[in-house]
Amino acid sequence: MKYNFDKEIRRRGTNSIKWEYILSDKGVFQLKSTDRFFGKDRALPMWIADMDFQSPKPVIEALTKRAQHGLYGYTKKGDAYFEAVVNWMQKRHGWKIRREWITTTPGVVTALAMLVRTFVKPGEKVIVQPPVYGPFYLAAEFNGVEVVKNPLIYKNGRYEMDFDDLKRKARDRKVKMLILCSPHNPVGRVWTRKELTRLGEICIKNNILVVSDEIHGDLILKGNKFTPFARISKEFAHNSVICTAPSKTFNMAGLSTSNIIIPNKDLRARFEMTLLNNALLDASIFGGQALETAYNHGEEWLDQVLSYLQGNLDFLEDYIAKNIPQIKVVRPEGTYLVWLDCRGLGLDQAARKHLMEDEARVYLEQGEVFGPEGAGFELMNIACPRSIVEEALARVKRAVEK
């Protein structure tokens, strides 16, 4: 069927974090409700990784049918659930996994914290590659673990890994884990097989476990190819934990379902014991039903979404180049998040915040949220009707001119 992603759907009144809350100044997970962003002169929230598109029709129908059953007692994920995950990885990414490798959690952020708790002792270290998704830092800090930064290199409008720096820092015997963002949030890189191989070899040599957050792995833009880290070799699979979920792919984050794929039997047993010790057991009967349906019947929807996102990105790049040349677009290879280099505006963080929120009334995610390496940048979510993208850019243009 043909989906209409141009249709704007009202989300206020649904407790939508994206539309009814903004980040407070107290931390990544701290939100504050706001009404000033709504009304006739609505503000446009284009920050948190949440689409303004309805999920695939088969998912909506399956959840409606399940809800009408009227009994919502204890459930456990069955054979059909795991078969759907196995088949999706094979069909979409050419990665043949086994059912027993899959451990479920309420979300990838939860899994990251539990993985650090399982494999890194307080006082030991975890490598991250900033500017990077804020909860990577918190997963370490909440568990008394030191964060070691291996900053990405921004060169000629594109980000690359700094392998020389990584080699030096990986030699520290206190480093036990590297959390990889693949595809990368916020810079949008889809790492090549060559890049991932080089990183994996450094980690193998220094006995560092790779935890690869691949939650955006289905959202790959035209001309790019995603490589699951563990698919590269048996050695890499044995030394990695792969975090996946249907949440970003099919706009189902509120259904709290993710799959942590761990080929190494011993690592998997240790992680599952941590989940048990923290009472993180199976939950969300609707999440399981939604995943199963989306992976089995949602591919047509996903292909249409990717085509629509490509159109939004092309429009955004053209508009900014012609109308707001002070801002440079770091072209994403994956995800629906666009990293904007706003340093040409000549504004500090506070002034940039005032420009976007108060003058343009467009709520983006400031680059500083992703670490000091993101200073001067803004992150824009373009997974919304094109009319919203157009309106947001026109507002920013007027605010900059003013």
# chains A, B, ... in the order shown; residues from 1 in each chain; ligands from 1

call {"tool": "residues_around", "arguments": {"residues": "Tyr336 (chain A)", "least_positions_apart": "3", "cutoff": "7 Å", "atoms": "only C-alpha atoms", "output": "PyMOL selection string"}}
result
chain A and resi 309+381-383

call {"tool": "write_last_selection", "arguments": {"atoms": "C-alpha atoms", "output": "mmCIF file, in the first residue's frame"}}
result
data_model
loop_
_atom_site.group_PDB
_atom_site.id
_atom_site.type_symbol
_atom_site.label_atom_id
_atom_site.label_comp_id
_atom_site.auth_asym_id
_atom_site.auth_seq_id
_atom_site.Cartn_x
_atom_site.Cartn_y
_atom_site.Cartn_z
ATOM 1 C CA LEU A 309 13.549 10.877 4.331
ATOM 2 C CA ASN A 381 15.270 15.405 13.307
ATOM 3 C CA ILE A 382 13.790 15.361 9.785
ATOM 4 C CA ALA A 383 11.479 12.347 10.286
#

call {"tool": "residues_around", "arguments": {"residues": "Asp213 (chain A)", "least_positions_apart": "5", "cutoff": "7 Å", "atoms": "only C-alpha atoms", "output": "list in words"}}
result
Leu180, Cys181, Ser182, Ile242, Cys243 and Thr244 of chain A

call {"tool": "write_last_selection", "arguments": {"atoms": "C-alpha atoms", "output": "CSV table (one decimal), in the first residue's frame"}}
result
chain,number,residue,atom,x,y,z
A,180,LEU,CA,30.5,1.8,19.3
A,181,CYS,CA,27.7,3.8,17.7
A,182,SER,CA,26.9,2.3,14.3
A,242,ILE,CA,25.1,-6.1,19.4
A,243,CYS,CA,22.3,-3.9,20.5
A,244,THR,CA,19.2,-3.7,18.2

call {"tool": "residues_around", "arguments": {"residues": "region 344-351 of chain A", "least_positions_apart": "5", "cutoff": "12 Å", "atoms": "only C-alpha atoms", "output": "ChimeraX atom specification"}}
result
/A:25,324-329,356-359,365-369,372,374-378,396-397,399-401

call {"tool": "write_last_selection", "arguments": {"atoms": "C-alpha atoms", "output": "JSON list (two decimals), in the first residue's frame"}}
result
[["chain", "number", "residue", "atom", "x", "y", "z"],
["A", 25, "ASP", "CA", 19.45, 22.05, 32.18],
["A", 324, "ILE", "CA", 21.32, 30.10, 5.29],
["A", 325, "PRO", "CA", 24.91, 29.68, 4.07],
["A", 326, "GLN", "CA", 26.24, 30.37, 7.59],
["A", 327, "ILE", "CA", 25.04, 26.84, 8.47],
["A", 328, "LYS", "CA", 26.74, 23.81, 6.94],
["A", 329, "VAL", "CA", 25.00, 20.43, 6.64],
["A", 356, "MET", "CA", 16.60, 28.76, 17.67],
["A", 357, "GLU", "CA", 14.11, 28.44, 20.52],
["A", 358, "ASP", "CA", 12.95, 32.00, 21.17],
["A", 359, "GLU", "CA", 13.40, 33.70, 17.81],
["A", 365, "GLU", "CA", 19.13, 19.36, 20.23],
["A", 366, "GLN", "CA", 22.22, 21.42, 20.96],
["A", 367, "GLY", "CA", 25.52, 19.83, 20.02],
["A", 368, "GLU", "CA", 26.90, 20.33, 23.51],
["A", 369, "VAL", "CA", 24.54, 17.57, 24.72],
["A", 372, "PRO", "CA", 32.20, 19.40, 24.26],
["A", 374, "GLY", "CA", 29.68, 19.04, 19.65],
["A", 375, "ALA", "CA", 30.03, 22.73, 20.58],
["A", 376, "GLY", "CA", 28.63, 24.98, 17.86],
["A", 377, "PHE", "CA", 26.47, 22.28, 16.27],
["A", 378, "GLU", "CA", 22.75, 21.51, 16.33],
["A", 396, "VAL", "CA", 15.50, 29.75, 11.10],
["A", 397, "LYS", "CA", 16.19, 31.80, 7.97],
["A", 399, "ALA", "CA", 15.68, 34.53, 12.70],
["A", 400, "VAL", "CA", 19.20, 34.56, 11.27],
["A", 401, "GLU", "CA", 18.38, 37.51, 9.00]]

call {"tool": "select_by_dssp", "arguments": {"residues": "region 3-246 of chain A", "states": "helix (DSSP H, G or I)", "output": "JSON, numbers by chain"}}
result
{"A": [17, 18, 19, 20, 57, 58, 59, 60, 61, 62, 63, 64, 65, 66, 67, 68, 69, 79, 80, 81, 82, 83, 84, 85, 86, 87, 88, 89, 90, 91, 92, 93, 99, 100, 101, 108, 109, 110, 111, 112, 113, 114, 115, 116, 117, 118, 119, 135, 136, 137, 138, 139, 140, 141, 163, 164, 165, 166, 167, 168, 169, 170, 193, 194, 195, 196, 197, 198, 199, 200, 201, 202, 203, 204, 205, 229, 230, 231, 234, 235, 236, 237, 238]}

call {"tool": "atom_distance", "arguments": {"atom1": "CA of Ser256 (chain A)", "atom2": "CA of Tyr72 (chain A)"}}
result
15.9 Å

call {"tool": "residues_around", "arguments": {"residues": "Lys176 (chain A)", "least_positions_apart": "6", "cutoff": "12 Å", "atoms": "only C-alpha atoms", "output": "NGL selection string"}}
result
:A and (115-128 or 140 or 145-148 or 169-170 or 203-211 or 239-240)

call {"tool": "write_last_selection", "arguments": {"atoms": "N, CA and C atoms", "output": "compact mmCIF listing (two decimals), in the first residue's frame"}}
result
# COMPACT_ATOMS: atom_id res chain seq x y z
N LEU A 115 25.14 -3.73 30.55
CA LEU A 115 26.35 -4.30 29.96
C LEU A 115 27.60 -3.75 30.64
N VAL A 116 27.60 -2.46 30.91
CA VAL A 116 28.73 -1.88 31.64
C VAL A 116 28.81 -2.50 33.03
N ARG A 117 27.67 -2.64 33.68
CA ARG A 117 27.64 -3.22 35.03
C ARG A 117 28.17 -4.66 35.02
N THR A 118 27.92 -5.37 33.93
CA THR A 118 28.32 -6.78 33.83
C THR A 118 29.80 -6.95 33.56
N PHE A 119 30.35 -6.13 32.66
CA PHE A 119 31.68 -6.42 32.13
C PHE A 119 32.78 -5.43 32.53
N VAL A 120 32.40 -4.35 33.23
CA VAL A 120 33.40 -3.34 33.61
C VAL A 120 33.25 -3.05 35.10
N LYS A 121 34.32 -3.19 35.84
CA LYS A 121 34.28 -2.96 37.27
C LYS A 121 34.46 -1.47 37.58
N PRO A 122 33.94 -1.02 38.71
CA PRO A 122 34.19 0.37 39.11
C PRO A 122 35.69 0.65 39.15
N GLY A 123 36.07 1.79 38.58
CA GLY A 123 37.49 2.14 38.50
C GLY A 123 38.12 1.75 37.18
N GLU A 124 37.47 0.85 36.43
CA GLU A 124 37.96 0.51 35.09
C GLU A 124 37.40 1.50 34.07
N LYS A 125 37.66 1.28 32.78
CA LYS A 125 37.38 2.33 31.80
C LYS A 125 36.62 1.81 30.57
N VAL A 126 35.87 2.73 29.97
CA VAL A 126 35.11 2.47 28.75
C VAL A 126 35.45 3.56 27.73
N ILE A 127 35.71 3.17 26.49
CA ILE A 127 35.98 4.13 25.41
C ILE A 127 34.69 4.47 24.68
N VAL A 128 34.49 5.77 24.43
CA VAL A 128 33.42 6.25 23.55
C VAL A 128 34.03 7.18 22.51
N ALA A 140 28.32 4.55 31.69
CA ALA A 140 29.57 4.37 32.42
C ALA A 140 29.53 5.07 33.78
N VAL A 145 32.32 3.94 36.44
CA VAL A 145 33.33 3.61 35.43
C VAL A 145 33.81 4.88 34.74
N GLU A 146 35.09 4.95 34.46
CA GLU A 146 35.67 6.14 33.83
C GLU A 146 35.48 6.10 32.32
N VAL A 147 35.10 7.25 31.75
CA VAL A 147 34.95 7.38 30.30
C VAL A 147 36.25 7.86 29.69
N VAL A 148 36.71 7.15 28.68
CA VAL A 148 37.89 7.56 27.91
C VAL A 148 37.40 7.98 26.53
N LYS A 169 45.08 4.75 23.34
CA LYS A 169 44.21 4.64 24.50
C LYS A 169 43.82 3.18 24.77
N ALA A 170 43.78 2.36 23.75
CA ALA A 170 43.42 0.96 23.93
C ALA A 170 44.49 0.18 24.68
N CYS A 203 40.67 -3.64 19.14
CA CYS A 203 40.03 -4.10 20.37
C CYS A 203 40.40 -5.55 20.67
N ILE A 204 40.47 -6.40 19.67
CA ILE A 204 40.87 -7.80 19.88
C ILE A 204 42.29 -7.84 20.46
N LYS A 205 43.18 -7.06 19.87
CA LYS A 205 44.58 -7.06 20.30
C LYS A 205 44.72 -6.65 21.76
N ASN A 206 43.84 -5.77 22.22
CA ASN A 206 43.96 -5.24 23.58
C ASN A 206 42.91 -5.80 24.54
N ASN A 207 42.24 -6.87 24.11
CA ASN A 207 41.26 -7.56 24.96
C ASN A 207 40.17 -6.60 25.44
N ILE A 208 39.62 -5.83 24.50
CA ILE A 208 38.56 -4.87 24.79
C ILE A 208 37.26 -5.37 24.14
N LEU A 209 36.21 -5.50 24.94
CA LEU A 209 34.91 -5.94 24.44
C LEU A 209 34.25 -4.80 23.65
N VAL A 210 33.72 -5.12 22.47
CA VAL A 210 33.01 -4.13 21.67
C VAL A 210 31.51 -4.28 21.89
N VAL A 211 30.88 -3.22 22.37
CA VAL A 211 29.42 -3.16 22.45
C VAL A 211 28.97 -2.22 21.34
N ASN A 239 33.73 -11.49 20.29
CA ASN A 239 34.19 -10.40 21.15
C ASN A 239 33.26 -9.19 21.07
N SER A 240 31.97 -9.43 20.88
CA SER A 240 31.06 -8.28 20.73
C SER A 240 29.67 -8.59 21.27

call {"tool": "residues_around", "arguments": {"residues": "region 61-65 of chain A", "least_positions_apart": "4", "cutoff": "10 Å", "atoms": "only C-alpha atoms", "output": "ChimeraX atom specification"}}
result
/A:56-57,69-70,285-290,292-294

call {"tool": "write_last_selection", "arguments": {"atoms": "N, CA and C atoms", "output": "PDB file, in the first residue's frame"}}
result
ATOM      1  N   PRO A  56       3.708   1.140  10.671  1.00  0.00           N
ATOM      2  CA  PRO A  56       3.066   0.416   9.556  1.00  0.00           C
ATOM      3  C   PRO A  56       1.645  -0.028   9.909  1.00  0.00           C
ATOM      4  N   LYS A  57       0.789   0.003   8.918  1.00  0.00           N
ATOM      5  CA  LYS A  57      -0.613  -0.369   9.133  1.00  0.00           C
ATOM      6  C   LYS A  57      -0.769  -1.774   9.711  1.00  0.00           C
ATOM      7  N   HIS A  69      -8.602  -8.332  22.615  1.00  0.00           N
ATOM      8  CA  HIS A  69      -8.699  -9.615  23.310  1.00  0.00           C
ATOM      9  C   HIS A  69      -9.077  -9.417  24.771  1.00  0.00           C
ATOM     10  N   GLY A  70      -8.571  -8.326  25.348  1.00  0.00           N
ATOM     11  CA  GLY A  70      -9.005  -7.919  26.673  1.00  0.00           C
ATOM     12  C   GLY A  70      -8.291  -8.562  27.843  1.00  0.00           C
ATOM     13  N   ILE A 285       3.672  -7.037  26.373  1.00  0.00           N
ATOM     14  CA  ILE A 285       3.082  -7.955  25.403  1.00  0.00           C
ATOM     15  C   ILE A 285       2.842  -7.247  24.070  1.00  0.00           C
ATOM     16  N   PHE A 286       2.587  -5.941  24.127  1.00  0.00           N
ATOM     17  CA  PHE A 286       2.342  -5.205  22.889  1.00  0.00           C
ATOM     18  C   PHE A 286       3.639  -4.988  22.118  1.00  0.00           C
ATOM     19  N   GLY A 287       4.749  -4.803  22.841  1.00  0.00           N
ATOM     20  CA  GLY A 287       6.029  -4.652  22.165  1.00  0.00           C
ATOM     21  C   GLY A 287       6.412  -5.885  21.379  1.00  0.00           C
ATOM     22  N   GLY A 288       6.197  -7.058  21.971  1.00  0.00           N
ATOM     23  CA  GLY A 288       6.514  -8.298  21.272  1.00  0.00           C
ATOM     24  C   GLY A 288       5.665  -8.486  20.034  1.00  0.00           C
ATOM     25  N   GLN A 289       4.368  -8.205  20.155  1.00  0.00           N
ATOM     26  CA  GLN A 289       3.468  -8.328  19.009  1.00  0.00           C
ATOM     27  C   GLN A 289       3.848  -7.343  17.910  1.00  0.00           C
ATOM     28  N   ALA A 290       4.206  -6.133  18.303  1.00  0.00           N
ATOM     29  CA  ALA A 290       4.566  -5.108  17.325  1.00  0.00           C
ATOM     30  C   ALA A 290       5.836  -5.483  16.576  1.00  0.00           C
ATOM     31  N   GLU A 292       7.159  -8.493  16.069  1.00  0.00           N
ATOM     32  CA  GLU A 292       6.895  -9.636  15.200  1.00  0.00           C
ATOM     33  C   GLU A 292       6.193  -9.198  13.916  1.00  0.00           C
ATOM     34  N   THR A 293       5.208  -8.339  14.055  1.00  0.00           N
ATOM     35  CA  THR A 293       4.449  -7.880  12.885  1.00  0.00           C
ATOM     36  C   THR A 293       5.286  -6.972  11.996  1.00  0.00           C
ATOM     37  N   ALA A 294       6.030  -6.051  12.610  1.00  0.00           N
ATOM     38  CA  ALA A 294       6.841  -5.114  11.834  1.00  0.00           C
ATOM     39  C   ALA A 294       7.914  -5.833  11.028  1.00  0.00           C
TER      40      ALA A 294
END

call {"tool": "closest_residue", "arguments": {"among": "A:Ala245, A:Leu276, A:Cys342, A:Met1", "to": "Glu300 (chain A)", "atoms": "only C-alpha atoms"}}
result
A:Met1

call {"tool": "residues_around", "arguments": {"residues": "Leu364 (chain A)", "least_positions_apart": "6", "cutoff": "7 Å", "atoms": "only C-alpha atoms", "output": "mmCIF file with C-alpha atoms, in the first residue's frame"}}
result
data_model
loop_
_atom_site.group_PDB
_atom_site.id
_atom_site.type_symbol
_atom_site.label_atom_id
_atom_site.label_comp_id
_atom_site.auth_asym_id
_atom_site.auth_seq_id
_atom_site.Cartn_x
_atom_site.Cartn_y
_atom_site.Cartn_z
ATOM 1 C CA PRO A 45 10.099 20.138 18.079
ATOM 2 C CA MET A 46 12.748 18.497 15.907
ATOM 3 C CA TRP A 47 15.023 16.961 18.501
ATOM 4 C CA GLU A 378 22.750 21.508 16.333
ATOM 5 C CA LEU A 379 20.938 18.227 15.648
ATOM 6 C CA MET A 380 17.728 18.292 13.596
#

call {"tool": "select_by_dssp", "arguments": {"residues": "region 127-187 of chain A", "states": "strand (DSSP E or B)", "output": "list in words"}}
result
Ile127, Val128, Glu146, Val147, Val148, Lys149, Ile153, Tyr154, Lys155, Arg158, Tyr159, Glu160, Val175, Lys176, Met177, Leu178, Ile179, Leu180 and Cys181 of chain A

call {"tool": "atom_distance", "arguments": {"atom1": "CA of Leu255 (chain A)", "atom2": "CA of Ser387 (chain A)"}}
result
27.5 Å

call {"tool": "atom_distance", "arguments": {"atom1": "CA of Met51 (chain A)", "atom2": "CA of Lys91 (chain A)"}}
result
23.8 Å

call {"tool": "closest_residue", "arguments": {"among": "A:Glu83, A:Val241, A:Val389, A:Tyr159", "to": "Arg270 (chain A)", "atoms": "only C-alpha atoms"}}
result
A:Val241

call {"tool": "closest_residue", "arguments": {"among": "A:Asn323, A:Trp88, A:His184, A:Lys174", "to": "Leu152 (chain A)", "atoms": "only C-alpha atoms"}}
result
A:His184

call {"tool": "closest_residue", "arguments": {"among": "A:Arg92, A:Lys77, A:Arg98, A:Arg331", "to": "Pro186 (chain A)", "atoms": "only C-alpha atoms"}}
result
A:Arg331

call {"tool": "closest_residue", "arguments": {"among": "A:Asn264, A:Thr110, A:Asn251, A:Asn4", "to": "Phe142 (chain A)", "atoms": "only C-alpha atoms"}}
result
A:Thr110
